[in-house]
$ cat upload22.pdb   # PDB, C-alpha atoms
MODEL        1
ATOM      1  CA  MET A   1     -16.913   0.975 -25.332
ATOM      2  CA  ARG A   2     -16.394   1.351 -21.538
ATOM      3  CA  ASN A   3     -14.725  -2.062 -21.334
ATOM      4  CA  LYS A   4     -12.377  -1.124 -24.187
ATOM      5  CA  ILE A   5     -11.431   2.067 -22.352
ATOM      6  CA  PHE A   6     -10.569   0.175 -19.174
ATOM      7  CA  LEU A   7      -8.669  -2.468 -21.126
ATOM      8  CA  PHE A   8      -6.676   0.352 -22.711
ATOM      9  CA  ILE A   9      -5.904   1.801 -19.261
ATOM     10  CA  VAL A  10      -4.687  -1.569 -17.995
ATOM     11  CA  THR A  11      -2.532  -1.999 -21.099
ATOM     12  CA  MET A  12      -0.997   1.442 -20.639
ATOM     13  CA  LEU A  13      -0.281   0.729 -16.982
ATOM     14  CA  TYR A  14       1.482  -2.465 -17.975
ATOM     15  CA  ILE A  15       3.525  -0.712 -20.656
ATOM     16  CA  ALA A  16       4.417   2.010 -18.148
ATOM     17  CA  GLY A  17       5.774  -0.627 -15.796
ATOM     18  CA  ALA A  18       2.854  -0.923 -13.370
ATOM     19  CA  LYS A  19       2.656  -4.398 -11.859
ATOM     20  CA  VAL A  20      -0.805  -5.585 -12.830
ATOM     21  CA  TYR A  21      -0.834  -9.044 -11.276
ATOM     22  CA  ALA A  22      -3.456 -11.674 -10.750
ATOM     23  CA  HIS A  23      -3.828 -12.920  -7.193
ATOM     24  CA  ASP A  24      -1.509 -15.329  -5.425
ATOM     25  CA  ILE A  25      -3.897 -16.264  -2.640
ATOM     26  CA  GLN A  26      -7.477 -15.565  -1.634
ATOM     27  CA  VAL A  27      -8.714 -15.358   1.938
ATOM     28  CA  VAL A  28     -12.243 -15.046   3.290
ATOM     29  CA  ASN A  29     -12.754 -12.375   5.967
ATOM     30  CA  ASP A  30     -14.749 -13.043   9.112
ATOM     31  CA  ASP A  31     -17.637 -11.174   7.454
ATOM     32  CA  GLY A  32     -17.640 -13.624   4.533
ATOM     33  CA  VAL A  33     -16.014 -11.293   1.967
ATOM     34  CA  THR A  34     -13.263 -12.862  -0.147
ATOM     35  CA  ILE A  35     -10.214 -10.664  -0.769
ATOM     36  CA  TYR A  36      -7.485 -11.479  -3.263
ATOM     37  CA  TYR A  37      -3.809 -10.835  -2.495
ATOM     38  CA  VAL A  38      -0.334 -10.960  -3.992
ATOM     39  CA  TRP A  39       2.870 -11.432  -2.039
ATOM     40  CA  SER A  40       5.037  -8.366  -1.501
ATOM     41  CA  ASN A  41       8.317  -7.522   0.230
ATOM     42  CA  ASN A  42       9.843 -10.882  -0.718
ATOM     43  CA  GLY A  43       6.812 -12.784   0.468
ATOM     44  CA  ASN A  44       6.784 -11.244   3.924
ATOM     45  CA  GLU A  45       3.746  -8.991   3.355
ATOM     46  CA  LEU A  46       0.555  -8.919   1.316
ATOM     47  CA  ALA A  47      -0.936  -6.464  -1.155
ATOM     48  CA  VAL A  48      -4.625  -6.409  -2.049
ATOM     49  CA  SER A  49      -5.048  -7.429  -5.675
ATOM     50  CA  HIS A  50      -7.710  -8.490  -8.169
ATOM     51  CA  LYS A  51      -8.992 -11.914  -9.120
ATOM     52  CA  GLY A  52      -8.204 -11.922 -12.810
ATOM     53  CA  THR A  53      -5.081 -12.404 -14.865
ATOM     54  CA  LEU A  54      -3.249  -9.696 -16.800
ATOM     55  CA  LEU A  55      -5.494  -8.184 -19.497
ATOM     56  CA  SER A  56      -8.231 -10.760 -18.953
ATOM     57  CA  THR A  57     -11.873  -9.710 -18.674
ATOM     58  CA  GLU A  58     -11.758 -10.755 -15.017
ATOM     59  CA  ILE A  59      -9.860  -7.554 -14.283
ATOM     60  CA  LEU A  60     -12.812  -5.643 -15.683
ATOM     61  CA  TYR A  61     -15.359  -7.586 -13.637
ATOM     62  CA  ASN A  62     -13.556  -7.968 -10.363
ATOM     63  CA  PHE A  63     -16.227  -9.564  -8.168
ATOM     64  CA  TYR A  64     -15.766  -7.103  -5.314
ATOM     65  CA  SER A  65     -19.135  -5.651  -4.299
ATOM     66  CA  GLY A  66     -20.979  -4.125  -1.358
ATOM     67  CA  ASN A  67     -18.921  -3.207   1.700
ATOM     68  CA  VAL A  68     -15.297  -4.360   1.832
ATOM     69  CA  ALA A  69     -13.190  -4.077   4.976
ATOM     70  CA  ILE A  70      -9.529  -4.782   4.242
ATOM     71  CA  PRO A  71      -7.926  -6.476   7.254
ATOM     72  CA  THR A  72      -4.729  -5.286   8.903
ATOM     73  CA  SER A  73      -3.257  -8.769   8.672
ATOM     74  CA  VAL A  74      -4.062 -12.159   7.197
ATOM     75  CA  THR A  75      -3.243 -15.598   8.529
ATOM     76  CA  TYR A  76      -2.454 -18.094   5.770
ATOM     77  CA  ASN A  77      -1.104 -21.612   6.228
ATOM     78  CA  GLY A  78      -0.440 -20.891   9.876
ATOM     79  CA  LYS A  79       1.548 -17.692   9.314
ATOM     80  CA  THR A  80       0.351 -14.103   9.744
ATOM     81  CA  TYR A  81       1.160 -11.450   7.151
ATOM     82  CA  ASN A  82       0.559  -7.692   7.321
ATOM     83  CA  VAL A  83      -1.477  -6.110   4.506
ATOM     84  CA  THR A  84       0.618  -3.101   3.463
ATOM     85  CA  SER A  85      -0.594  -1.928   0.052
ATOM     86  CA  ILE A  86      -3.373  -1.905  -2.538
ATOM     87  CA  ARG A  87      -2.031  -2.875  -5.951
ATOM     88  CA  SER A  88      -2.749  -1.376  -9.353
ATOM     89  CA  CYS A  89      -6.295  -2.054 -10.611
ATOM     90  CA  ALA A  90      -7.163  -4.008  -7.458
ATOM     91  CA  PHE A  91     -10.800  -2.813  -7.373
ATOM     92  CA  MET A  92     -10.932  -1.448 -10.906
ATOM     93  CA  ASN A  93     -14.412  -1.185 -12.456
ATOM     94  CA  CYS A  94     -16.152  -2.793  -9.467
ATOM     95  CA  SER A  95     -19.333  -0.822 -10.055
ATOM     96  CA  SER A  96     -21.231  -2.651  -7.273
ATOM     97  CA  LEU A  97     -18.657  -1.734  -4.640
ATOM     98  CA  THR A  98     -20.237   0.744  -2.195
ATOM     99  CA  SER A  99     -17.682   1.264   0.586
ATOM    100  CA  VAL A 100     -14.123   0.334   1.473
ATOM    101  CA  THR A 101     -12.295   0.518   4.780
ATOM    102  CA  ILE A 102      -8.502   0.624   4.513
ATOM    103  CA  PRO A 103      -6.531  -0.325   7.653
ATOM    104  CA  ASN A 104      -3.644   1.588   9.220
ATOM    105  CA  SER A 105      -1.201  -1.043   7.958
ATOM    106  CA  VAL A 106      -1.600   0.148   4.336
ATOM    107  CA  THR A 107       0.913   2.740   3.117
ATOM    108  CA  SER A 108       0.262   2.942  -0.639
ATOM    109  CA  ILE A 109      -2.585   2.848  -3.174
ATOM    110  CA  GLY A 110      -1.605   1.861  -6.709
ATOM    111  CA  ASN A 111      -2.416   3.049 -10.229
ATOM    112  CA  GLY A 112      -6.124   2.897 -10.996
ATOM    113  CA  ALA A 113      -6.811   0.961  -7.797
ATOM    114  CA  PHE A 114     -10.435   2.157  -7.577
ATOM    115  CA  SER A 115     -10.835   3.515 -11.097
ATOM    116  CA  GLY A 116     -14.372   3.112 -12.414
ATOM    117  CA  CYS A 117     -15.918   2.194  -9.054
ATOM    118  CA  SER A 118     -19.029   4.164  -9.926
ATOM    119  CA  GLY A 119     -21.043   2.897  -6.943
ATOM    120  CA  LEU A 120     -18.421   3.743  -4.326
ATOM    121  CA  THR A 121     -19.927   6.261  -1.905
ATOM    122  CA  SER A 122     -17.588   5.959   1.061
ATOM    123  CA  ILE A 123     -13.915   5.174   1.587
ATOM    124  CA  THR A 124     -11.723   5.583   4.629
ATOM    125  CA  ILE A 125      -8.073   6.371   3.860
ATOM    126  CA  PRO A 126      -5.929   6.176   7.019
ATOM    127  CA  ASN A 127      -3.072   8.518   7.860
ATOM    128  CA  SER A 128      -0.646   5.644   7.255
ATOM    129  CA  VAL A 129      -1.088   6.084   3.489
ATOM    130  CA  THR A 130       1.772   8.187   2.107
ATOM    131  CA  SER A 131       1.439   7.399  -1.606
ATOM    132  CA  ILE A 132      -1.581   7.517  -3.929
ATOM    133  CA  ASP A 133      -0.745   6.798  -7.565
ATOM    134  CA  PRO A 134      -2.338   8.299 -10.717
ATOM    135  CA  ASN A 135      -5.935   7.428 -11.643
ATOM    136  CA  ALA A 136      -6.511   5.895  -8.208
ATOM    137  CA  PHE A 137     -10.105   7.139  -7.856
ATOM    138  CA  GLU A 138     -10.823   8.219 -11.421
ATOM    139  CA  GLY A 139     -14.483   7.815 -12.340
ATOM    140  CA  CYS A 140     -15.738   7.225  -8.784
ATOM    141  CA  SER A 141     -18.817   9.210  -9.692
ATOM    142  CA  SER A 142     -20.769   8.470  -6.479
ATOM    143  CA  LEU A 143     -18.009   9.438  -4.052
ATOM    144  CA  THR A 144     -19.192  12.517  -2.147
ATOM    145  CA  SER A 145     -16.277  13.318   0.147
ATOM    146  CA  ILE A 146     -12.734  12.253   0.828
ATOM    147  CA  THR A 147     -10.000  13.188   3.286
ATOM    148  CA  ILE A 148      -6.486  13.143   1.895
ATOM    149  CA  PRO A 149      -3.989  11.842   4.489
ATOM    150  CA  PRO A 150      -1.402  14.321   5.829
ATOM    151  CA  GLY A 151       1.504  12.192   4.568
ATOM    152  CA  ILE A 152       0.584  12.796   0.932
ATOM    153  CA  LYS A 153       2.909  15.286  -0.774
ATOM    154  CA  ILE A 154       1.723  14.950  -4.386
ATOM    155  CA  ILE A 155      -1.833  14.583  -5.690
ATOM    156  CA  ASP A 156      -1.054  12.756  -8.880
ATOM    157  CA  PHE A 157      -2.436  12.849 -12.421
ATOM    158  CA  ASN A 158      -6.162  12.063 -12.753
ATOM    159  CA  THR A 159      -6.375  10.922  -9.127
ATOM    160  CA  PHE A 160      -9.949  12.158  -8.619
ATOM    161  CA  LYS A 161     -10.855  12.895 -12.228
ATOM    162  CA  GLY A 162     -14.537  12.394 -12.948
ATOM    163  CA  CYS A 163     -15.624  12.213  -9.294
ATOM    164  CA  SER A 164     -18.696  14.188 -10.246
ATOM    165  CA  SER A 165     -20.482  13.821  -6.877
ATOM    166  CA  LEU A 166     -17.523  15.032  -4.830
ATOM    167  CA  VAL A 167     -18.698  18.059  -2.857
ATOM    168  CA  SER A 168     -15.793  18.441  -0.440
ATOM    169  CA  PHE A 169     -12.228  17.406   0.114
ATOM    170  CA  ASN A 170      -9.368  18.384   2.360
ATOM    171  CA  ILE A 171      -5.893  19.056   0.962
ATOM    172  CA  PRO A 172      -3.368  18.816   3.810
ATOM    173  CA  ASP A 173      -0.616  21.378   4.279
ATOM    174  CA  ASN A 174       2.071  18.860   3.344
ATOM    175  CA  VAL A 175       0.925  18.721  -0.289
ATOM    176  CA  THR A 176       3.385  20.552  -2.540
ATOM    177  CA  LYS A 177       2.141  19.580  -5.988
ATOM    178  CA  ILE A 178      -1.234  18.943  -7.633
ATOM    179  CA  GLU A 179      -0.667  17.298 -10.988
ATOM    180  CA  GLY A 180      -2.649  17.811 -14.190
ATOM    181  CA  PHE A 181      -6.301  16.769 -14.365
ATOM    182  CA  ALA A 182      -6.212  15.707 -10.696
ATOM    183  CA  PHE A 183      -9.763  16.946 -10.016
ATOM    184  CA  GLU A 184     -11.005  17.440 -13.571
ATOM    185  CA  GLY A 185     -14.758  16.933 -13.892
ATOM    186  CA  CYS A 186     -15.501  17.202 -10.165
ATOM    187  CA  SER A 187     -18.534  19.245 -11.096
ATOM    188  CA  SER A 188     -20.259  19.144  -7.685
ATOM    189  CA  LEU A 189     -17.507  20.955  -5.808
ATOM    190  CA  THR A 190     -18.848  24.078  -4.143
ATOM    191  CA  ALA A 191     -15.504  25.421  -2.909
ATOM    192  CA  ILE A 192     -11.812  24.758  -3.385
ATOM    193  CA  SER A 193      -9.169  25.587  -0.784
ATOM    194  CA  ILE A 194      -5.531  25.173  -1.794
ATOM    195  CA  PRO A 195      -2.946  25.469   1.008
ATOM    196  CA  ASN A 196       0.116  27.696   0.709
ATOM    197  CA  SER A 197       2.324  24.594   0.663
ATOM    198  CA  VAL A 198       1.255  23.896  -2.930
ATOM    199  CA  THR A 199       3.913  25.345  -5.227
ATOM    200  CA  THR A 200       3.012  23.506  -8.437
ATOM    201  CA  LEU A 201      -0.442  23.288 -10.000
ATOM    202  CA  GLY A 202      -0.640  21.109 -13.097
ATOM    203  CA  PRO A 203      -2.657  21.855 -16.264
ATOM    204  CA  LYS A 204      -6.425  21.577 -15.973
ATOM    205  CA  ALA A 205      -6.126  20.303 -12.402
ATOM    206  CA  PHE A 206      -9.601  21.703 -11.638
ATOM    207  CA  GLU A 207     -11.051  21.769 -15.157
ATOM    208  CA  ASP A 208     -14.884  21.647 -15.266
ATOM    209  CA  CYS A 209     -15.208  22.044 -11.514
ATOM    210  CA  ILE A 210     -16.945  25.028  -9.900
TER     211      ILE A 210
ENDMDL
END

$ encode --input "upload22.pdb" --output "structure tokens"
Amino acid sequence: MRNKIFLFIVTMLYIAGAKVYAHDIQVVNDDGVTIYYVWSNNGNELAVSHKGTLLSTEILYNFYSGNVAIPTSVTYNGKTYNVTSIRSCAFMNCSSLTSVTIPNSVTSIGNGAFSGCSGLTSITIPNSVTSIDPNAFEGCSSLTSITIPPGIKIIDFNTFKGCSSLVSFNIPDNVTKIEGFAFEGCSSLTAISIPNSVTTLGPKAFEDCI
């Protein structure tokens, strides 16, 4: 049943126009971790991706596990490319993933990028990130805390839905809108502080929280 749900999510993302690619290249970090990438910005930059092909089971079993440190840049065939984004579904359903470090070169996190990463306990999101798409951390049930970068203006639909171990988070003053279901099911929250900058609060944004 869980696999069918995730397959449905991927299908909906594709129908909605999300670019759910397989990888173009794979590069092994100095620590021995293999990361998959697709070309972006006309082949001048790289985006972290997944191993599988569109709608294949390899998307659902991504092979990322343990601690993953995304590099700032990657050298491939003698040329160095900056890593500037994390694509849709890149780490989706990687239940054995425990922590991720995102470098300052990354500016965006795509649809469902970490959705279903139930073992993820720690993630560092740098201030360079200015865009986090819907469902990005949905179902990260072991994530206990997260700091939202100051460049984020909208906390999108379902972004942290089902993060049932989340006990604290910081919403920066630049946020103007919290979309529907953004924090639904974050049942471990002990307090919620919403800055005055927020002018729009979507339906059930904090449903089943404190």

$ resolve_selection --input "upload22.pdb" --expression "the PyMOL selection byres ((chain A and resi 39) around 10)" --output "VMD selection string"
chain A and resid 23 to 25 37 to 38 40 to 49 81 83

$ closest_residue --input "upload22.pdb" --among "A:Gly180, A:Ser165, A:Ser105, A:Ala90" --to "Ala136 (chain A)" --atoms "all atoms listed in the file"
A:Ala90

$ resolve_selection --input "upload22.pdb" --expression "the PyMOL selection byres ((chain A and resi 94) around 9)" --output "ChimeraX atom specification"
/A:60-65,91-93,95-97,114-120

$ resolve_selection --input "upload22.pdb" --expression "the PyMOL selection byres ((chain A and resi 150) around 7)" --output "list of chain:residue names"
A:Asn127, A:Ile148, A:Pro149, A:Gly151, A:Ile152, A:Pro172, A:Asn174

$ atom_distance --input "upload22.pdb" --atom1 "CA of Leu143 (chain A)" --atom2 "CA of Ile155 (chain A)"
17.1 Å

$ closest_residue --input "upload22.pdb" --among "A:Thr176, A:Asn111, A:Asn104, A:Asn170" --to "Phe137 (chain A)" --atoms "all atoms listed in the file"
A:Asn111

$ closest_residue --input "upload22.pdb" --among "A:Ile154, A:Ala182, A:Ile102, A:Cys89" --to "Ser131 (chain A)" --atoms "only C-alpha atoms"
A:Ile154

$ atom_distance --input "upload22.pdb" --atom1 "CA of Asp133 (chain A)" --atom2 "CA of Thr84 (chain A)"
14.9 Å

$ atom_distance --input "upload22.pdb" --atom1 "CA of Pro195 (chain A)" --atom2 "CA of Phe183 (chain A)"
15.5 Å

$ closest_residue --input "upload22.pdb" --among "A:Val100, A:Ile132, A:Thr80, A:Ile86" --to "Val68 (chain A)" --atoms "only C-alpha atoms"
A:Val100

$ closest_residue --input "upload22.pdb" --among "A:Val175, A:Cys186, A:Val129, A:Val106" --to "Ser141 (chain A)" --atoms "only C-alpha atoms"
A:Cys186

$ closest_residue --input "upload22.pdb" --among "A:Ile125, A:Leu201, A:Ile146, A:Ala113" --to "Glu179 (chain A)" --atoms "only C-alpha atoms"
A:Leu201
